[in-house]
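*Asks:* query-v7.cif is the file, holding mmCIF, C-alpha atoms and all ligand atoms:
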```
data_protein
#
loop_
_atom_site.label_atom_id
_atom_site.label_comp_id
_atom_site.auth_asym_id
_atom_site.auth_seq_id
_atom_site.Cartn_x
_atom_site.Cartn_y
_atom_site.Cartn_z
CA MET A 7 5.40 -23.78 2.39
CA THR A 8 8.97 -24.70 1.70
CA VAL A 9 10.08 -21.90 -0.56
CA PRO A 10 11.50 -18.64 0.79
CA PRO A 11 9.15 -15.77 0.10
CA LEU A 12 10.82 -13.49 -2.40
CA LYS A 13 13.25 -14.26 -5.14
CA LYS A 14 15.35 -11.72 -6.95
CA GLN A 15 15.85 -13.41 -10.25
CA ARG A 16 18.19 -11.08 -12.03
CA THR A 17 19.50 -7.57 -11.91
CA GLN A 18 21.38 -6.30 -14.90
CA PRO A 19 23.70 -4.96 -15.99
CA GLU A 20 26.11 -4.55 -13.09
CA THR A 21 28.69 -2.39 -14.93
CA ALA A 22 29.18 1.26 -14.01
CA ASN A 23 28.48 2.63 -17.52
CA ALA A 24 25.29 0.67 -17.99
CA ARG A 25 22.39 2.48 -19.62
CA ILE A 26 19.58 0.20 -18.51
CA TYR A 27 19.04 -1.03 -15.02
CA GLU A 28 16.57 -3.81 -14.62
CA ALA A 29 15.42 -6.22 -11.94
CA THR A 30 12.94 -9.06 -11.97
CA ALA A 31 11.40 -10.47 -8.81
CA SER A 32 8.66 -12.87 -7.91
CA ALA A 33 6.54 -12.84 -4.77
CA PRO A 34 4.04 -15.23 -3.22
CA VAL A 35 0.48 -14.58 -2.10
CA ASN A 36 -0.47 -14.77 1.53
CA ILE A 37 -3.87 -15.86 2.82
CA ALA A 38 -4.92 -14.45 6.17
CA VAL A 39 -6.37 -16.57 8.95
CA ILE A 40 -7.02 -13.48 11.08
CA LYS A 41 -8.37 -11.00 8.54
CA TYR A 42 -7.32 -7.41 8.08
CA TRP A 43 -10.46 -5.39 7.31
CA GLY A 44 -10.52 -1.66 8.00
CA LYS A 45 -8.09 1.24 8.10
CA ARG A 46 -7.66 3.83 10.82
CA SER A 47 -5.55 5.92 8.43
CA GLU A 48 -5.97 5.73 4.67
CA ALA A 49 -3.02 8.04 4.08
CA LEU A 50 -0.58 5.95 6.13
CA MET A 51 -2.32 2.63 5.40
CA LEU A 52 -2.75 1.76 9.07
CA PRO A 53 -5.20 -1.03 9.96
CA THR A 54 -7.95 -1.07 12.59
CA ASN A 55 -6.82 -4.53 13.76
CA SER A 56 -3.81 -6.81 13.67
CA SER A 57 -3.88 -9.75 11.26
CA LEU A 58 -2.03 -12.98 10.61
CA SER A 59 -1.47 -14.94 7.40
CA LEU A 60 0.34 -17.87 5.88
CA THR A 61 2.61 -17.18 2.94
CA LEU A 62 1.93 -19.77 0.24
CA ASP A 63 4.49 -21.63 -1.81
CA GLN A 64 5.27 -19.24 -4.62
CA ASP A 65 5.79 -21.93 -7.22
CA GLN A 66 2.00 -22.32 -7.14
CA LEU A 67 0.68 -18.74 -6.94
CA GLN A 68 2.93 -15.83 -7.65
CA SER A 69 3.31 -12.35 -9.04
CA LYS A 70 6.36 -11.67 -11.17
CA THR A 71 7.48 -8.13 -11.88
CA THR A 72 10.23 -6.58 -13.96
CA VAL A 73 11.21 -2.99 -13.32
CA ARG A 74 13.40 -1.25 -15.87
CA VAL A 75 15.05 2.12 -15.28
CA VAL A 76 15.71 3.74 -18.64
CA VAL A 77 18.66 6.10 -18.29
CA ASP A 78 18.74 7.50 -21.85
CA ALA A 79 14.99 7.62 -22.39
CA ASP A 80 13.31 10.62 -23.97
CA GLY A 81 10.46 10.21 -21.49
CA LYS A 82 9.65 12.81 -18.90
CA GLU A 83 11.38 12.80 -15.53
CA ASN A 84 9.63 10.68 -12.89
CA ASP A 85 7.52 9.01 -15.57
CA ALA A 86 6.36 5.46 -15.10
CA ALA A 87 4.45 3.01 -17.29
CA LEU A 88 2.76 -0.15 -16.06
CA TRP A 89 1.68 -3.34 -17.84
CA LEU A 90 -0.40 -5.78 -15.80
CA ASN A 91 -0.82 -9.25 -17.32
CA GLY A 92 0.15 -7.77 -20.69
CA ASN A 93 -2.30 -4.85 -20.63
CA ARG A 94 -1.23 -1.25 -20.23
CA GLU A 95 -2.78 0.08 -16.99
CA LYS A 96 -2.99 3.50 -15.43
CA LEU A 97 -0.94 3.86 -12.27
CA SER A 98 -3.13 4.11 -9.19
CA GLY A 99 -2.62 6.97 -6.75
CA ARG A 100 -1.13 4.51 -4.28
CA VAL A 101 1.40 3.08 -6.73
CA THR A 102 2.37 6.61 -7.76
CA ALA A 103 2.90 7.51 -4.09
CA LEU A 104 4.91 4.33 -3.50
CA LEU A 105 7.19 5.06 -6.47
CA ALA A 106 7.64 8.67 -5.33
CA ARG A 107 8.66 7.45 -1.89
CA MET A 108 11.19 5.02 -3.34
CA ARG A 109 12.60 7.58 -5.76
CA ALA A 110 13.08 9.95 -2.80
CA LEU A 111 15.17 7.28 -1.06
CA ARG A 112 17.34 7.06 -4.18
CA VAL A 113 17.72 10.87 -4.21
CA THR A 114 19.12 10.71 -0.67
CA LYS A 115 21.50 7.92 -1.66
CA GLU A 116 22.74 9.79 -4.74
CA ALA A 117 23.26 12.96 -2.71
CA LYS A 118 25.61 11.06 -0.41
CA ASP A 119 27.64 9.38 -3.17
CA ALA A 120 28.59 11.21 -6.38
CA SER A 121 29.99 8.05 -7.96
CA ILE A 122 26.72 6.10 -8.20
CA PRO A 123 24.47 6.36 -11.28
CA ARG A 124 21.76 9.03 -11.30
CA LEU A 125 18.63 6.90 -11.42
CA ALA A 126 16.25 8.67 -9.07
CA SER A 127 14.11 10.53 -11.59
CA LYS A 128 14.52 8.31 -14.65
CA PRO A 129 11.44 6.79 -16.33
CA LEU A 130 10.43 3.39 -14.97
CA LEU A 131 8.91 0.65 -17.10
CA ILE A 132 7.05 -1.89 -14.98
CA ALA A 133 5.63 -5.18 -16.22
CA SER A 134 3.84 -7.50 -13.83
CA VAL A 135 2.11 -10.85 -14.34
CA ASN A 136 0.13 -13.06 -11.98
CA ASN A 137 -0.09 -16.79 -12.67
CA PHE A 138 -3.60 -16.85 -11.13
CA PRO A 139 -6.82 -14.77 -11.45
CA THR A 140 -6.23 -11.10 -10.62
CA ALA A 141 -8.54 -9.27 -8.18
CA ALA A 142 -10.74 -12.33 -7.63
CA GLY A 143 -10.19 -12.48 -3.90
CA LEU A 144 -6.99 -14.51 -4.19
CA ALA A 145 -4.72 -11.90 -2.66
CA SER A 146 -3.27 -10.68 -5.96
CA SER A 147 -2.73 -7.20 -4.52
CA ALA A 148 -0.65 -8.69 -1.70
CA SER A 149 1.78 -10.50 -3.98
CA GLY A 150 1.68 -7.79 -6.67
CA LEU A 151 2.56 -4.87 -4.42
CA ALA A 152 5.14 -6.85 -2.42
CA CYS A 153 6.77 -7.80 -5.69
CA LEU A 154 6.68 -4.25 -7.03
CA ALA A 155 8.35 -2.79 -3.92
CA PHE A 156 10.96 -5.56 -3.97
CA ALA A 157 11.76 -5.12 -7.68
CA VAL A 158 11.95 -1.29 -7.48
CA ASN A 159 14.28 -1.64 -4.50
CA ALA A 160 16.55 -3.82 -6.66
CA ALA A 161 16.30 -1.76 -9.88
CA LEU A 162 17.00 1.54 -8.08
CA GLN A 163 19.71 -0.23 -6.04
CA LEU A 164 18.31 0.99 -2.75
CA GLU A 165 19.53 -2.05 -0.79
CA LEU A 166 16.76 -1.78 1.78
CA PRO A 167 16.25 -4.54 4.36
CA PRO A 168 13.05 -6.67 4.09
CA ALA A 169 11.37 -4.81 6.98
CA ASP A 170 11.71 -1.49 5.12
CA ILE A 171 10.47 -3.00 1.85
CA SER A 172 7.52 -4.44 3.77
CA ALA A 173 6.60 -0.97 5.12
CA LEU A 174 6.78 0.44 1.59
CA ALA A 175 4.70 -2.43 0.17
CA ARG A 176 2.05 -1.64 2.81
CA LEU A 177 1.60 1.79 1.19
CA GLY A 178 0.61 -0.02 -2.01
CA SER A 179 -1.75 -2.52 -0.36
CA GLY A 180 -2.08 -3.31 3.34
CA SER A 181 -1.91 -7.09 3.04
CA ALA A 182 1.23 -6.81 0.86
CA CYS A 183 3.39 -6.05 3.90
CA ARG A 184 2.95 -9.70 4.99
CA SER A 185 4.16 -11.17 1.66
CA LEU A 186 7.75 -10.10 2.31
CA PHE A 187 8.20 -12.92 4.79
CA GLY A 188 7.71 -16.67 4.54
CA GLY A 189 5.79 -18.96 6.86
CA PHE A 190 3.39 -17.49 9.41
CA VAL A 191 3.35 -13.71 9.42
CA ALA A 192 1.61 -11.26 11.74
CA TRP A 193 0.92 -7.64 10.87
CA ASP A 194 0.81 -5.85 14.20
CA MET A 195 -1.55 -2.89 13.97
CA GLY A 196 0.70 -0.69 16.17
CA SER A 197 -0.41 2.36 18.08
CA LYS A 198 1.96 5.17 17.07
CA PRO A 199 0.33 7.91 14.99
CA ASP A 200 3.18 7.84 12.43
CA GLY A 201 2.64 4.09 11.83
CA SER A 202 6.25 3.18 12.57
CA ASP A 203 5.15 0.27 14.77
CA SER A 204 2.53 -1.04 12.31
CA VAL A 205 4.80 -3.71 10.90
CA ALA A 206 4.82 -7.26 9.60
CA ARG A 207 6.64 -9.82 11.74
CA GLN A 208 7.45 -13.45 11.05
CA VAL A 209 5.79 -15.54 13.76
CA ALA A 210 7.23 -18.85 12.54
CA SER A 211 9.27 -19.72 9.46
CA GLU A 212 8.17 -21.83 6.48
CA THR A 213 9.98 -24.85 7.94
CA HIS A 214 8.18 -24.68 11.32
CA TRP A 215 5.08 -26.69 10.33
CA PRO A 216 6.21 -28.52 7.21
CA ASN A 217 3.08 -30.64 6.74
CA MET A 218 0.75 -27.62 6.71
CA CYS A 219 -0.85 -27.31 3.25
CA ALA A 220 -3.29 -25.01 1.48
CA LEU A 221 -5.83 -26.08 -1.13
CA ILE A 222 -7.52 -23.37 -3.17
CA LEU A 223 -10.98 -24.01 -4.58
CA VAL A 224 -11.72 -21.48 -7.28
CA ALA A 225 -15.46 -20.89 -7.25
CA SER A 226 -15.16 -17.88 -9.53
CA ALA A 227 -12.18 -16.37 -11.28
CA THR A 228 -13.99 -13.18 -12.27
CA GLN A 229 -13.08 -9.86 -10.67
CA LYS A 230 -14.95 -9.08 -7.50
CA GLU A 231 -17.63 -6.41 -7.63
CA MET A 232 -16.54 -4.61 -4.49
CA PRO A 233 -12.77 -4.08 -4.21
CA SER A 234 -11.32 -4.57 -0.72
CA THR A 235 -10.29 -0.94 -0.33
CA ALA A 236 -13.76 0.50 -0.93
CA GLY A 237 -15.49 -2.35 0.90
CA MET A 238 -13.51 -1.99 4.10
CA GLN A 239 -13.94 1.77 4.08
CA THR A 240 -17.73 1.38 4.01
CA THR A 241 -17.47 -1.23 6.76
CA VAL A 242 -15.50 1.17 8.99
CA GLU A 243 -18.11 3.86 8.38
CA THR A 244 -21.21 1.75 8.93
CA SER A 245 -20.70 -1.53 10.81
CA PRO A 246 -21.20 -1.63 14.59
CA LEU A 247 -20.09 -5.28 14.51
CA LEU A 248 -16.66 -4.19 13.25
CA GLN A 249 -16.14 -2.16 16.44
CA HIS A 250 -16.91 -5.25 18.52
CA ARG A 251 -14.56 -7.34 16.36
CA ILE A 252 -11.57 -5.03 16.60
CA GLN A 253 -11.95 -4.28 20.30
CA ALA A 254 -13.22 -7.49 21.87
CA VAL A 255 -12.36 -10.32 19.48
CA VAL A 256 -9.18 -9.92 17.43
CA PRO A 257 -6.65 -9.18 20.22
CA ASP A 258 -7.43 -12.49 22.00
CA ARG A 259 -7.54 -14.36 18.70
CA MET A 260 -4.12 -13.08 17.66
CA ALA A 261 -2.62 -14.31 20.92
CA ALA A 262 -4.43 -17.66 20.71
CA ILE A 263 -3.48 -18.40 17.10
CA GLU A 264 0.17 -17.54 17.71
CA LYS A 265 0.10 -20.05 20.58
CA ALA A 266 -1.57 -22.67 18.37
CA ILE A 267 1.05 -22.14 15.65
CA ALA A 268 3.94 -22.39 18.13
CA ALA A 269 2.51 -25.68 19.47
CA ARG A 270 1.48 -26.95 15.97
CA ASP A 271 -1.97 -27.42 17.48
CA PHE A 272 -4.12 -27.91 14.37
CA ASP A 273 -7.46 -28.11 16.22
CA SER A 274 -7.03 -24.67 17.77
CA PHE A 275 -5.54 -23.22 14.57
CA ALA A 276 -8.48 -24.55 12.52
CA GLU A 277 -11.22 -23.34 14.86
CA ILE A 278 -9.79 -19.82 15.10
CA THR A 279 -9.31 -19.70 11.31
CA MET A 280 -12.91 -20.70 10.55
CA ARG A 281 -14.39 -18.46 13.23
CA ASP A 282 -12.40 -15.50 11.94
CA SER A 283 -13.44 -16.08 8.34
CA ASN A 284 -17.07 -16.35 9.48
CA GLN A 285 -16.83 -13.14 11.47
CA PHE A 286 -15.15 -11.25 8.65
CA HIS A 287 -18.04 -12.17 6.33
CA ALA A 288 -20.54 -11.34 9.08
CA VAL A 289 -18.95 -7.89 9.28
CA CYS A 290 -19.34 -7.59 5.49
CA LEU A 291 -23.07 -8.39 5.88
CA ASP A 292 -23.29 -5.87 8.73
CA THR A 293 -21.90 -3.19 6.40
CA PHE A 294 -24.57 -0.89 5.00
CA PRO A 295 -25.28 -1.43 2.16
CA PRO A 296 -24.17 -5.03 2.74
CA ILE A 297 -21.26 -6.65 0.93
CA PHE A 298 -21.67 -10.24 -0.30
CA TYR A 299 -18.40 -11.96 -1.08
CA LEU A 300 -19.51 -15.56 -0.54
CA ASN A 301 -21.79 -17.24 -3.06
CA HIS A 302 -23.88 -20.40 -2.84
CA VAL A 303 -20.84 -22.53 -3.75
CA SER A 304 -18.90 -21.02 -0.84
CA HIS A 305 -21.80 -21.93 1.44
CA ARG A 306 -21.77 -25.49 0.10
CA VAL A 307 -18.01 -25.72 0.75
CA ILE A 308 -18.54 -24.56 4.35
CA SER A 309 -21.26 -27.19 4.88
CA LEU A 310 -19.13 -29.89 3.28
CA ILE A 311 -16.09 -29.14 5.44
CA THR A 312 -18.23 -28.89 8.59
CA MET A 313 -19.81 -32.26 7.86
CA TYR A 314 -16.47 -33.87 6.95
CA ASN A 315 -14.82 -32.63 10.15
CA GLN A 316 -17.67 -34.10 12.22
CA VAL A 317 -17.55 -37.49 10.51
CA LYS A 318 -13.75 -37.62 10.50
CA SER A 319 -13.38 -36.75 14.18
CA LYS A 320 -15.06 -40.07 15.04
CA SER A 321 -12.22 -42.00 13.41
CA ASN A 322 -9.15 -39.79 13.87
CA GLY A 323 -10.04 -38.28 17.25
CA ARG A 324 -9.19 -34.78 16.04
CA LYS A 325 -11.80 -32.07 16.29
CA TYR A 326 -10.93 -30.66 12.85
CA THR A 327 -9.16 -32.12 9.83
CA VAL A 328 -9.69 -29.14 7.52
CA ALA A 329 -10.11 -25.39 8.09
CA TYR A 330 -11.77 -23.14 5.51
CA THR A 331 -11.19 -19.44 5.05
CA PHE A 332 -12.54 -16.96 2.47
CA ASP A 333 -11.06 -13.58 1.54
CA ALA A 334 -12.94 -10.86 -0.32
CA GLY A 335 -14.39 -13.31 -2.84
CA PRO A 336 -16.17 -16.68 -3.10
CA ASN A 337 -13.02 -18.81 -3.45
CA ALA A 338 -12.22 -21.11 -0.55
CA VAL A 339 -8.76 -21.63 0.85
CA LEU A 340 -8.55 -24.85 2.85
CA TYR A 341 -5.76 -25.34 5.37
CA LEU A 342 -5.03 -28.95 6.21
CA LEU A 343 -2.19 -31.34 6.92
CA LYS A 344 -0.35 -33.07 4.09
CA GLU A 345 -1.53 -36.56 5.09
CA ASP A 346 -5.17 -35.47 4.61
CA VAL A 347 -4.80 -33.76 1.22
CA ALA A 348 -5.51 -36.79 -1.01
CA GLU A 349 -8.73 -37.70 0.79
CA VAL A 350 -10.00 -34.10 0.92
CA LEU A 351 -9.30 -33.69 -2.79
CA ARG A 352 -11.31 -36.85 -3.48
CA LEU A 353 -14.11 -35.50 -1.31
CA VAL A 354 -14.20 -32.14 -3.10
CA ASN A 355 -14.05 -33.79 -6.53
CA SER A 356 -16.91 -36.12 -5.72
CA TYR A 357 -19.01 -33.30 -4.27
CA PHE A 358 -18.31 -30.99 -7.23
CA PRO A 359 -17.95 -33.50 -10.09
CA ASN A 360 -17.83 -30.74 -12.74
CA GLY A 361 -15.41 -28.56 -10.78
CA VAL A 362 -16.04 -25.93 -8.14
CA ASP A 363 -16.08 -23.10 -10.70
CA ALA A 364 -18.64 -24.93 -12.87
CA ALA A 365 -20.93 -25.17 -9.85
CA SER A 366 -20.63 -21.40 -9.55
CA SER A 367 -21.10 -20.41 -13.16
CA SER A 368 -24.14 -22.60 -13.69
CA ALA A 369 -25.79 -20.81 -10.78
CA VAL A 370 -24.87 -17.46 -12.26
CA ASP A 371 -26.26 -18.54 -15.65
CA GLU A 372 -29.38 -19.73 -13.92
CA TYR A 373 -29.73 -16.42 -12.14
CA TYR A 374 -29.24 -14.37 -15.30
CA GLY A 375 -31.54 -16.73 -17.20
CA LEU A 376 -34.22 -16.20 -14.59
CA SER A 377 -33.77 -12.46 -14.41
CA LYS A 378 -33.88 -12.22 -18.22
CA GLN A 379 -37.19 -14.07 -18.25
CA PHE A 380 -38.44 -11.87 -15.47
CA LEU A 381 -37.52 -8.69 -17.32
CA LYS A 382 -39.16 -9.76 -20.60
C1 LIG B 1 -9.89 -9.86 3.01
O1 LIG B 1 -4.80 -5.56 1.40
O2 LIG B 1 -6.34 -5.92 -0.57
O3 LIG B 1 -7.76 -10.20 2.01
O4 LIG B 1 -5.04 -2.39 1.92
O5 LIG B 1 -7.01 -1.54 0.70
O6 LIG B 1 -5.17 -2.70 -0.55
P1 LIG B 1 -5.94 -2.58 0.75
O7 LIG B 1 -6.70 -3.97 0.95
P2 LIG B 1 -6.16 -5.44 0.83
O8 LIG B 1 -7.22 -6.20 1.78
C2 LIG B 1 -7.10 -7.54 2.09
C3 LIG B 1 -8.30 -7.99 2.81
C4 LIG B 1 -8.41 -9.48 3.04
C5 LIG B 1 -7.88 -9.89 4.40
C6 LIG B 1 -6.40 -9.99 4.57
O9 LIG B 1 -5.66 -10.27 3.63
O10 LIG B 1 -5.98 -9.84 5.74
#
```
Taking this structure as input, can you express it in the form of structure tokens?
*Replies:*
Amino acid sequence: MTVPPLKKQRTQPETANARIYEATASAPVNIAVIKYWGKRSEALMLPTNSSLSLTLDQDQLQSKTTVRVVVDADGKENDAALWLNGNREKLSGRVTALLARMRALRVTKEAKDASIPRLASKPLLIASVNNFPTAAGLASSASGLACLAFAVNAALQLELPPADISALARLGSGSACRSLFGGFVAWDMGSKPDGSDSVARQVASETHWPNMCALILVASATQKEMPSTAGMQTTVETSPLLQHRIQAVVPDRMAAIEKAIAARDFDSFAEITMRDSNQFHAVCLDTFPPIFYLNHVSHRVISLITMYNQVKSKSNGRKYTVAYTFDAGPNAVLYLLKEDVAEVLRLVNSYFPNGVDAASSSAVDEYYGLSKQFLK
């Protein structure tokens, strides 16, 4: 976690008579240790609980987006086209709303200054790539939407501060608001009906805990069956456990994990992280019909880490050496200190000699093989 969160790579051209305005940005993923799951307002994208994440080093996992404003294009006003990982995609309602909001900010700017180029309603060409599996529970929407808001801000020359870009990114995907900042980032749920106090806040910078590392074990790179948005909506509608979580559990956990981060207290950080991941998946099971994001490989990873922590604590005196957490998918994110990475990697490689993903796919093959036989 040594790299600042967002990079504007280029904006061109800068001359007043330019016909094409373009900006490219890259943004990192963030992986929550206190999970956001549930909205109290879909329209304003306001969560039912606060959350906290770590922004990962973007040289490892990143979204990269180029936004081009075509001044002389024949295209219709306010048109936009999107390519995701090289494929033309339809714009979602949320992305359309986000672009409309950002164009409106440009309209206000142009109204105040007659000398600046008229970009507000020009067609936008957007190309975005992720260097990791998209929609597989690896927070691609967080980095993707943060990157989109950042790149549109640059291409339309809005000059918004990071806090404003974060609030706009939230309209695209809730977790994206945290990817605008590096290090340890809270998203305070807020209480105002207009959502103006539901904002991301840096709790500690990327240099605060320099030996904190993340290892990602990809158990499956295929797209998840239940997208987060739909899943959390069903949870809000059906899970009594969610009500307990948001009222009686998360507020204390947020305070406790912030304290653990400030004190670089890995034992407390790890226990809260694992408990919160467990409770998030318990809430998914309590949803009706239930949502299963973990698979048998995820369960094996949990057992392995639990066992390793127990054995290790006898020699290093620490309660936990590794913390696991799982988002809306079977892939594990392990948080651990740099000095423990080599040994944990050896452990994982010896436990999954053919790779974590191979362990997953063979089970899937087995399952389909069995069900095929059964259906014969
Ligand atoms: C499990 O931010 O993808 O990763 O706001 O509907 O776009 P929308 O959902 P999204 O949900 C992320 C859920 C999570 C937990 C987290 O990142 O806090």
*Asks:* Could you list, as number ranges by chain, all the residues within 8 Å of ligand LIG 1 (chain B), counting only C-alpha atoms and all ligand atoms?
*Replies:* A: 36-43, 45, 51, 57-59, 143-148, 176-182, 233-236, 238, 286, 332-334
*Asks:* Using all atoms listed in the file for the distances, tell me which of A:Gly237, A:Pro34, A:Pro257, A:Gly44 is nearest to Phe187 (chain A).
*Replies:*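 Nearest candidate to Phe187 (chain A) out of A:Gly237, A:Pro34, A:Pro257, A:Gly44: A:Pro34.
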*Asks:* Pick the closest to Ser226 (chain A) from A:Ser98, A:Thr240, A:Asn91, A:Ser304: which is it, counting all atoms listed in the file?
*Replies:*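 Once distances to Ser226 (chain A) are computed over all atoms listed in the file, the minimum belongs to A:Ser304.
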*Asks:* Counting only C-alpha atoms, which residue out of A:Leu342, A:Ala103, A:Met195, A:Leu247 sits closest to Leu52 (chain A)?
*Replies:*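 Closest to Leu52 (chain A) of all the choices is A:Met195.
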*Asks:* Near Leu291 (chain A), counting all atoms listed in the file, which residues have an atom at most 12 Å away, once you skip same-chain residues fewer than 2 positions from it, shown as a PyMOL selection string?
*Replies:* chain A and resi 237-238+240-241+244-248+284-289+293-300
*Asks:* Near Lys128 (chain A), counting only C-alpha atoms, which residues have an atom at most 9 Å away, once you skip same-chain residues fewer than 6 positions from it, shown as a list in words?
*Replies:* Val75, Val76, Val77, Asp78, Ala79, Gly81, Lys82, Glu83, Asn84, Asp85 and Ala86 of chain A
*Asks:* Using Å and a single decimal, report how far CA of Ala160 (chain A) sits from CA of Val205 (chain A).
*Replies:*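 Interatomic distance, CA of Val205 (chain A) to CA of Ala160 (chain A): 21.1 Å.
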*Asks:* Measure the distance from CA of Ala220 (chain A) to CA of Asp65 (chain A) in Å and round it to one decimal.
*Replies:*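 Result for CA of Ala220 (chain A) versus CA of Asp65 (chain A): 12.9 Å, one decimal.
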*Asks:* At what distance in Å, to one decimal, does CA of Arg184 (chain A) lie from CA of Ser127 (chain A)?
*Replies:*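 So the two atoms, CA of Ser127 (chain A) and CA of Arg184 (chain A), lie 28.4 Å apart.
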*Asks:* Counting all atoms listed in the file, figure out which residue out of A:His305, A:Arg100, A:Lys318, A:Arg324 gets nearest to Glu349 (chain A).
*Replies:*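 For Glu349 (chain A), the nearest of the given residues is A:Lys318.
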*Asks:* At a cut-off of 8 Å, using only C-alpha atoms, what residues contact Val191 (chain A)? Leave out same-chain residues fewer than 6 positions from it and give the result as a PyMOL selection string.
*Replies:* chain A and resi 58-61+184+206-210
*Asks:* For Thr54 (chain A), which residue out of A:Asn301, A:Thr312, A:Asn217, A:Ser197 is the nearest one, using all atoms listed in the file?
*Replies:*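 Looking at the shortest contact to Thr54 (chain A), the residue is A:Ser197.
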*Asks:* Go through A:Leu88, A:Cys183, A:Asp346, A:Ile26 and flag the residue nearest Arg124 (chain A), using only C-alpha atoms for the distances.
*Replies:*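 Among the listed residues, the smallest separation from Arg124 (chain A) belongs to A:Ile26.
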